Number of protein chains: 2
Amino acid sequence: MPNEQKISRAVVSRLPKYYRYLGEAHDQGIKRTSSKKLSEIMNITASQIRQDLNNFGSFGLQGYGYDTELLYNEIGKILGLDKKHKLILIGCGKIGQALLKYEYFTSRGFTFEAAFDKSEDLIGTTVNGVKIHDVSELADYLSTHHINIVALTIPKGHIGNTVDIINKSSVQGVWNFINMDIEFREGIKVENVHLMDSLMTLSYKIDEDEIINRYNVTTKGEAIK
Amino acid sequence: MPNEQKISRAVVSRLPKYYRYLGEAHDQGIKRTSSKKLSEIMNITASQIRQDLNNFGSFGLQGYGYDTELLYNEIGKILGLDKKHKLILIGCGKIGQALLKYEYFTSRGFTFEAAFDKSEDLIGTTVNGVKIHDVSELADYLSTHHINIVALTIPKGHIGNTVDIINKSSVQGVWNFINMDIEFREGIKVENVHLMDSLMTLSYKIDEDEIINRYNVTTKGEAIK
């Protein structure tokens, strides 16, 4: 099967949401569910849900619906949650330290093996059991440890040669909290958490009606002059 | 103009990115740009860029392109950055405190006026000049202060009556960091930052080729049995 046949990003973005809702249903002892029931609690149409899940085969049975636990586990596997992921953190400011302390990650198989910073005050200390190393040891560390994911939480102006070091490593993914889009070598997947972008999007949503009036936006996406 | 005529969410999600790139170009002294030039640095096709921007009218001139500063300011206005937004923070753990310290927010007009927590150790202290109040004062505070946006950074199990209090206030938007989808009353816009979802999406991307093979995914989104 050629690699070009990717699942659309919109479907992928909904998978964690399915996983979350199915997990909650399972915790509540609900053994069977349906696209209709999921639709009611998830704000996604039932047909969209069926279509999304059908990408990965037939998880449901006509007239029965879905076995909650089975579907939960199956989506977990699609999201790679049956595997162990080894992470390192680069940048141990407040956001970085928050990530080190976030209990959900470990319980889902994402474990921070080490952290890196350049601050003398932080180097040698541990946060939630994770040791903070001098960032000058980063290249050495990555060449001697098998790390799957790098979480990047350094301030925008302090990236230095971090990208080069990551590109030369066998890292598979970068979880980027720096408020800029960074290009890594082919084969390294990137997921961005751009907080400022997210806040600006909220600001837009709040004023959307007014903006649409101001710019005479039509449904066709063309401006009336 | 009826309110149903919304800009697609995909376009909205690209607006902060345009703003970011135009700001960088402007900082570099670039006075003129074009959809073609933006396309090269942004990984978005030139026609997509023209189409996105045309939603809001004609910012460019045929043969000239865009005036960088003008377009930057105009997109800033669309994102509400010409206004002052008053925020409060509920939940002063690591992520909450990171948000209070994030310098970009203030410089873009998003100012934290107060923070709330239930921890005796935190109440009465200040973080980056923002005072932390007892969360029991939240309803009172919201009824006597005009707040635009609430940043929600409490742990999932500690929400209590926070949603009710927000629903009864005049708050316009919620920036939700809690790893669940919360429904607020009509008129309150929500932007979610679901860190666990983001990490699972990265995990999916890393293994995508293997997953596509495993589930026999076809481009039509149907499974081959």
# chains A, B, ... in the order shown; residues from 1 in each chain; ligands from 1

$ select_by_dssp --residues "segment 40-183 of chain B" --states "alpha helix (DSSP H)" --output "PyMOL selection string"
chain B and resi 40-42+46-54+68-78+94-101+103-107+138-144+162-167

$ select_by_dssp --residues "segment 2-224 of chain B" --states "strand (DSSP E or B)" --output "count of residues only"
41

$ residues_around --residues "segment 34-36 of chain B" --least-positions-apart "6" --cutoff "12 Å" --atoms "only C-alpha atoms" --output "short mmCIF file (atom, residue, chain, number, x, y, z; two decimals) with N, CA and C atoms, in the first residue's frame"
data_model
loop_
_atom_site.label_atom_id
_atom_site.label_comp_id
_atom_site.auth_asym_id
_atom_site.auth_seq_id
_atom_site.Cartn_x
_atom_site.Cartn_y
_atom_site.Cartn_z
N TYR B 18 -0.91 33.42 9.24
CA TYR B 18 -0.62 34.56 8.37
C TYR B 18 -0.08 35.72 9.20
N TYR B 21 3.56 35.09 10.21
CA TYR B 21 4.51 35.21 9.13
C TYR B 21 4.65 36.66 8.64
N LEU B 22 3.52 37.36 8.58
CA LEU B 22 3.59 38.75 8.14
C LEU B 22 4.33 39.60 9.16
N ALA B 25 7.98 38.98 8.55
CA ALA B 25 8.41 39.68 7.33
C ALA B 25 8.54 41.18 7.61
N MET B 42 5.34 29.45 3.86
CA MET B 42 4.27 29.00 4.75
C MET B 42 3.74 27.60 4.49
N ASN B 43 4.20 26.96 3.40
CA ASN B 43 3.66 25.63 3.08
C ASN B 43 2.16 25.63 2.83
N ILE B 44 1.67 26.70 2.27
CA ILE B 44 0.27 26.79 1.85
C ILE B 44 0.32 27.24 0.39
N THR B 45 -0.55 26.71 -0.48
CA THR B 45 -0.47 27.12 -1.88
C THR B 45 -0.87 28.60 -2.02
N ALA B 46 -0.28 29.24 -3.06
CA ALA B 46 -0.57 30.66 -3.30
C ALA B 46 -2.06 30.88 -3.54
N SER B 47 -2.71 29.95 -4.24
CA SER B 47 -4.12 30.14 -4.54
C SER B 47 -4.96 30.02 -3.26
N GLN B 48 -4.53 29.13 -2.37
CA GLN B 48 -5.21 29.01 -1.08
C GLN B 48 -5.09 30.31 -0.28
N ILE B 49 -3.91 30.89 -0.31
CA ILE B 49 -3.67 32.15 0.42
C ILE B 49 -4.56 33.25 -0.14
N ARG B 50 -4.59 33.37 -1.48
CA ARG B 50 -5.43 34.42 -2.09
C ARG B 50 -6.90 34.21 -1.73
N GLN B 51 -7.32 32.94 -1.78
CA GLN B 51 -8.71 32.60 -1.47
C GLN B 51 -9.04 32.94 -0.01
N ASP B 52 -8.13 32.56 0.90
CA ASP B 52 -8.34 32.85 2.33
C ASP B 52 -8.51 34.35 2.56
N LEU B 53 -7.57 35.12 1.99
CA LEU B 53 -7.57 36.56 2.26
C LEU B 53 -8.76 37.24 1.58
N ASN B 54 -9.17 36.70 0.43
CA ASN B 54 -10.31 37.29 -0.29
C ASN B 54 -11.61 37.22 0.50
N PHE B 59 -7.16 42.81 -0.25
CA PHE B 59 -6.03 43.44 0.44
C PHE B 59 -4.86 43.68 -0.51
N GLY B 60 -4.85 42.96 -1.63
CA GLY B 60 -3.71 43.04 -2.54
C GLY B 60 -4.06 43.78 -3.82
N LEU B 61 -3.05 44.14 -4.55
CA LEU B 61 -3.23 44.76 -5.85
C LEU B 61 -2.56 43.89 -6.90
N GLN B 62 -3.29 43.63 -7.99
CA GLN B 62 -2.75 42.84 -9.09
C GLN B 62 -1.40 43.42 -9.52
N GLY B 63 -0.38 42.59 -9.55
CA GLY B 63 0.93 43.03 -10.03
C GLY B 63 1.79 43.69 -8.96
N TYR B 64 1.17 44.06 -7.85
CA TYR B 64 1.94 44.69 -6.75
C TYR B 64 2.11 43.71 -5.60
N GLY B 65 1.07 42.95 -5.36
CA GLY B 65 1.08 42.05 -4.21
C GLY B 65 0.47 42.72 -2.99
N TYR B 66 1.01 42.38 -1.84
CA TYR B 66 0.46 42.94 -0.60
C TYR B 66 1.47 43.87 0.05
N ASP B 67 0.96 44.94 0.63
CA ASP B 67 1.77 45.78 1.50
C ASP B 67 1.85 45.03 2.84
N THR B 68 3.07 44.63 3.22
CA THR B 68 3.24 43.74 4.38
C THR B 68 2.60 44.33 5.64
N LEU B 71 -1.29 44.56 5.47
CA LEU B 71 -1.95 43.26 5.59
C LEU B 71 -1.80 42.70 7.01
#

$ residues_around --residues "Ser170 of chain B" --least-positions-apart "5" --cutoff "9 Å" --atoms "only C-alpha atoms" --output "PyMOL selection string"
chain B and resi 142-143+146-148+188

$ write_last_selection --atoms "N, CA, C and O atoms" --output "short mmCIF file (atom, residue, chain, number, x, y, z; two decimals), in the first residue's frame"
data_model
loop_
_atom_site.label_atom_id
_atom_site.label_comp_id
_atom_site.auth_asym_id
_atom_site.auth_seq_id
_atom_site.Cartn_x
_atom_site.Cartn_y
_atom_site.Cartn_z
N LEU B 142 -16.70 37.98 39.03
CA LEU B 142 -17.22 38.08 37.67
C LEU B 142 -18.44 38.99 37.59
O LEU B 142 -18.73 39.56 36.53
N SER B 143 -19.16 39.14 38.70
CA SER B 143 -20.34 40.01 38.65
C SER B 143 -19.95 41.49 38.83
O SER B 143 -20.75 42.37 38.55
N HIS B 146 -15.65 43.42 34.45
CA HIS B 146 -15.95 43.05 33.07
C HIS B 146 -14.77 42.24 32.51
O HIS B 146 -13.70 42.78 32.24
N ILE B 147 -14.99 40.95 32.38
CA ILE B 147 -13.94 40.04 31.91
C ILE B 147 -14.37 39.44 30.57
O ILE B 147 -15.50 38.98 30.41
N ASN B 148 -13.47 39.44 29.59
CA ASN B 148 -13.80 38.89 28.28
C ASN B 148 -13.56 37.39 28.18
O ASN B 148 -14.35 36.66 27.58
N ILE B 188 -21.13 31.92 24.54
CA ILE B 188 -19.76 31.78 25.03
C ILE B 188 -18.98 30.92 24.04
O ILE B 188 -19.32 29.78 23.80
#

$ residues_around --residues "Thr201 of chain B" --least-positions-apart "6" --cutoff "12 Å" --atoms "only C-alpha atoms" --output "short mmCIF file (atom, residue, chain, number, x, y, z; two decimals) with N, CA, C and O atoms, in the first residue's frame"
data_model
loop_
_atom_site.label_atom_id
_atom_site.label_comp_id
_atom_site.auth_asym_id
_atom_site.auth_seq_id
_atom_site.Cartn_x
_atom_site.Cartn_y
_atom_site.Cartn_z
N ARG A 9 -6.51 14.82 7.63
CA ARG A 9 -6.12 15.41 8.94
C ARG A 9 -7.35 15.66 9.81
O ARG A 9 -7.26 15.62 11.03
N ALA A 10 -8.50 15.92 9.17
CA ALA A 10 -9.72 16.18 9.94
C ALA A 10 -10.15 14.92 10.70
O ALA A 10 -10.54 14.98 11.87
N VAL A 11 -10.05 13.78 10.02
CA VAL A 11 -10.38 12.50 10.68
C VAL A 11 -9.41 12.25 11.83
O VAL A 11 -9.81 11.93 12.95
N VAL A 12 -8.11 12.43 11.54
CA VAL A 12 -7.08 12.17 12.56
C VAL A 12 -7.33 13.03 13.79
O VAL A 12 -7.23 12.56 14.93
N SER A 13 -7.71 14.29 13.56
CA SER A 13 -7.91 15.20 14.69
C SER A 13 -9.10 14.77 15.56
O SER A 13 -9.20 15.16 16.72
N ARG A 14 -10.01 13.97 14.98
CA ARG A 14 -11.16 13.51 15.78
C ARG A 14 -10.87 12.22 16.55
O ARG A 14 -11.59 11.87 17.48
N LEU A 15 -9.83 11.49 16.15
CA LEU A 15 -9.56 10.20 16.80
C LEU A 15 -9.34 10.33 18.32
O LEU A 15 -9.92 9.56 19.09
N PRO A 16 -8.52 11.29 18.77
CA PRO A 16 -8.34 11.41 20.23
C PRO A 16 -9.65 11.72 20.95
O PRO A 16 -9.85 11.30 22.09
N LYS A 17 -10.52 12.44 20.26
CA LYS A 17 -11.82 12.77 20.84
C LYS A 17 -12.67 11.50 21.00
O LYS A 17 -13.29 11.29 22.05
N TYR A 19 -11.53 8.57 21.32
CA TYR A 19 -10.86 7.79 22.37
C TYR A 19 -11.28 8.28 23.75
O TYR A 19 -11.57 7.50 24.65
N ILE A 75 -9.19 2.02 18.89
CA ILE A 75 -8.76 3.40 18.59
C ILE A 75 -7.48 3.72 19.36
O ILE A 75 -6.59 4.39 18.85
N GLY A 76 -7.38 3.19 20.57
CA GLY A 76 -6.13 3.34 21.32
C GLY A 76 -4.94 2.80 20.54
O GLY A 76 -3.88 3.42 20.48
N ILE A 78 -4.78 2.46 17.25
CA ILE A 78 -4.55 3.35 16.10
C ILE A 78 -3.73 4.56 16.54
O ILE A 78 -2.87 5.04 15.82
N LEU A 79 -3.98 5.03 17.76
CA LEU A 79 -3.25 6.19 18.28
C LEU A 79 -1.90 5.79 18.89
O LEU A 79 -1.21 6.62 19.48
N GLY A 80 -1.56 4.52 18.75
CA GLY A 80 -0.24 4.07 19.23
C GLY A 80 -0.14 3.94 20.73
O GLY A 80 0.96 3.90 21.29
N LEU A 81 -1.29 3.84 21.42
CA LEU A 81 -1.26 3.83 22.88
C LEU A 81 -0.95 2.45 23.46
O LEU A 81 -0.82 2.29 24.67
N GLY A 173 9.45 12.10 16.28
CA GLY A 173 8.44 13.15 16.33
C GLY A 173 8.85 14.30 17.23
O GLY A 173 9.62 14.12 18.17
N VAL A 174 8.38 15.48 16.89
CA VAL A 174 8.63 16.67 17.71
C VAL A 174 7.30 17.28 18.12
O VAL A 174 6.42 17.51 17.28
N TRP A 175 7.15 17.48 19.42
CA TRP A 175 5.96 18.14 19.96
C TRP A 175 6.38 19.57 20.24
O TRP A 175 7.07 19.84 21.23
N LYS A 189 7.98 13.72 12.29
CA LYS A 189 6.63 14.27 12.29
C LYS A 189 6.54 15.36 13.36
O LYS A 189 7.19 15.25 14.40
N VAL A 190 5.74 16.38 13.09
CA VAL A 190 5.66 17.51 14.02
C VAL A 190 4.21 17.76 14.41
O VAL A 190 3.30 17.66 13.58
N GLU A 191 3.99 18.00 15.66
CA GLU A 191 2.67 18.45 16.13
C GLU A 191 2.90 19.74 16.92
O GLU A 191 3.71 19.78 17.84
N ASN A 192 2.23 20.80 16.49
CA ASN A 192 2.43 22.11 17.11
C ASN A 192 1.37 22.42 18.16
O ASN A 192 0.20 22.12 17.97
N VAL A 193 1.80 23.00 19.26
CA VAL A 193 0.87 23.59 20.22
C VAL A 193 1.23 25.08 20.27
O VAL A 193 2.16 25.47 20.96
N HIS B 194 -6.13 20.81 24.08
CA HIS B 194 -6.15 19.47 24.67
C HIS B 194 -4.77 18.84 24.47
O HIS B 194 -4.47 18.27 23.42
N LEU B 195 -3.91 18.95 25.48
CA LEU B 195 -2.53 18.48 25.33
C LEU B 195 -2.44 16.98 25.07
O LEU B 195 -1.66 16.53 24.24
N ASP B 207 3.30 6.77 13.44
CA ASP B 207 3.05 5.39 13.00
C ASP B 207 2.09 5.30 11.82
O ASP B 207 1.62 4.22 11.49
N GLU B 208 1.78 6.44 11.20
CA GLU B 208 0.71 6.46 10.21
C GLU B 208 0.88 5.42 9.09
O GLU B 208 -0.06 4.71 8.76
#

$ closest_residue --among "A:Ile206, A:Ile132, A:Ile90, A:Lys6" --to "Asn55 of chain A" --atoms "only C-alpha atoms"
A:Lys6

$ residues_around --residues "segment 92-97 of chain B" --least-positions-apart "2" --cutoff "9 Å" --atoms "only C-alpha atoms" --output "number ranges by chain"
A: 94-99, 101; B: 89-90, 99-102, 115-119, 122, 127-128, 132, 151-155, 177

$ write_last_selection --atoms "N, CA, C and O atoms" --output "short mmCIF file (atom, residue, chain, number, x, y, z; two decimals), in the first residue's frame"
data_model
loop_
_atom_site.label_atom_id
_atom_site.label_comp_id
_atom_site.auth_asym_id
_atom_site.auth_seq_id
_atom_site.Cartn_x
_atom_site.Cartn_y
_atom_site.Cartn_z
N LYS A 94 8.27 27.10 32.88
CA LYS A 94 6.99 26.72 33.50
C LYS A 94 6.21 25.70 32.65
O LYS A 94 5.71 24.72 33.16
N ILE A 95 6.12 25.96 31.36
CA ILE A 95 5.35 25.04 30.51
C ILE A 95 6.05 23.68 30.47
O ILE A 95 5.42 22.64 30.62
N GLY A 96 7.37 23.70 30.29
CA GLY A 96 8.12 22.45 30.28
C GLY A 96 7.91 21.66 31.56
O GLY A 96 7.60 20.46 31.53
N GLN A 97 8.02 22.34 32.69
CA GLN A 97 7.85 21.64 33.97
C GLN A 97 6.41 21.14 34.15
O GLN A 97 6.19 20.09 34.75
N ALA A 98 5.46 21.90 33.62
CA ALA A 98 4.07 21.44 33.68
C ALA A 98 3.92 20.11 32.93
O ALA A 98 3.26 19.18 33.40
N LEU A 99 4.58 20.01 31.77
CA LEU A 99 4.50 18.77 30.99
C LEU A 99 5.12 17.60 31.77
O LEU A 99 4.58 16.50 31.79
N LYS A 101 5.15 17.14 34.81
CA LYS A 101 4.31 16.77 35.94
C LYS A 101 2.94 16.23 35.55
O LYS A 101 2.14 15.85 36.42
N LEU B 89 -7.67 33.80 35.10
CA LEU B 89 -7.19 32.43 35.05
C LEU B 89 -7.82 31.66 36.21
O LEU B 89 -7.83 32.14 37.34
N ILE B 90 -8.37 30.49 35.92
CA ILE B 90 -8.87 29.65 37.01
C ILE B 90 -8.03 28.38 37.07
O ILE B 90 -8.06 27.57 36.13
N LEU B 99 1.01 30.34 31.85
CA LEU B 99 0.21 31.29 31.06
C LEU B 99 0.34 32.70 31.64
O LEU B 99 0.46 33.68 30.91
N LEU B 100 0.30 32.80 32.99
CA LEU B 100 0.42 34.12 33.62
C LEU B 100 1.75 34.79 33.28
O LEU B 100 1.86 36.00 33.25
N LYS B 101 2.77 33.97 33.02
CA LYS B 101 4.11 34.51 32.78
C LYS B 101 4.45 34.71 31.30
O LYS B 101 5.52 35.19 30.98
N TYR B 102 3.53 34.31 30.43
CA TYR B 102 3.83 34.33 29.01
C TYR B 102 3.77 35.77 28.49
O TYR B 102 2.70 36.37 28.39
N ALA B 115 -6.29 35.91 39.06
CA ALA B 115 -6.22 34.45 38.96
C ALA B 115 -6.93 33.86 40.18
O ALA B 115 -7.10 34.54 41.20
N PHE B 116 -7.38 32.62 40.05
CA PHE B 116 -8.14 31.98 41.13
C PHE B 116 -7.63 30.57 41.37
O PHE B 116 -7.27 29.86 40.43
N ASP B 117 -7.58 30.21 42.64
CA ASP B 117 -7.18 28.85 42.99
C ASP B 117 -7.81 28.52 44.35
O ASP B 117 -8.32 29.41 45.03
N LYS B 118 -7.80 27.24 44.70
CA LYS B 118 -8.34 26.90 46.01
C LYS B 118 -7.24 26.59 47.03
O LYS B 118 -7.52 26.39 48.21
N SER B 119 -5.98 26.58 46.56
CA SER B 119 -4.88 26.24 47.47
C SER B 119 -4.54 27.41 48.40
O SER B 119 -4.26 28.53 47.95
N LEU B 122 -1.39 29.32 47.71
CA LEU B 122 -1.33 30.24 46.57
C LEU B 122 -2.16 31.50 46.77
O LEU B 122 -1.79 32.58 46.30
N VAL B 127 1.58 36.18 40.89
CA VAL B 127 2.46 35.59 39.88
C VAL B 127 2.55 36.60 38.74
O VAL B 127 1.53 36.94 38.14
N ASN B 128 3.75 37.08 38.48
CA ASN B 128 3.96 38.07 37.42
C ASN B 128 3.01 39.27 37.59
O ASN B 128 2.47 39.79 36.61
N ILE B 132 -3.55 36.10 43.05
CA ILE B 132 -4.33 34.87 43.10
C ILE B 132 -5.38 35.00 44.21
O ILE B 132 -5.05 35.22 45.37
N ALA B 151 -9.46 31.70 31.20
CA ALA B 151 -8.56 30.58 30.90
C ALA B 151 -8.77 29.53 31.98
O ALA B 151 -8.62 29.81 33.16
N LEU B 152 -9.15 28.33 31.55
CA LEU B 152 -9.50 27.26 32.49
C LEU B 152 -8.37 26.24 32.57
O LEU B 152 -8.17 25.45 31.63
N THR B 153 -7.66 26.25 33.69
CA THR B 153 -6.52 25.32 33.81
C THR B 153 -6.60 24.52 35.11
O THR B 153 -5.58 24.27 35.76
N ILE B 154 -7.82 24.16 35.48
CA ILE B 154 -7.99 23.32 36.67
C ILE B 154 -7.90 21.84 36.27
O ILE B 154 -8.20 21.49 35.14
N PRO B 155 -7.49 20.97 37.21
CA PRO B 155 -7.48 19.55 36.88
C PRO B 155 -8.92 19.06 36.61
O PRO B 155 -9.87 19.59 37.19
N PHE B 177 -8.15 24.45 28.88
CA PHE B 177 -7.03 23.52 28.92
C PHE B 177 -7.39 22.20 29.59
O PHE B 177 -6.54 21.31 29.70
#

$ closest_residue --among "A:Gly160, A:Ile88, A:Val217, A:Thr125" --to "Tyr141 of chain A" --atoms "only C-alpha atoms"
A:Ile88

$ closest_residue --among "A:Asn216, A:Phe184, A:Leu87, A:Asp197" --to "Thr106 of chain A" --atoms "only C-alpha atoms"
A:Leu87
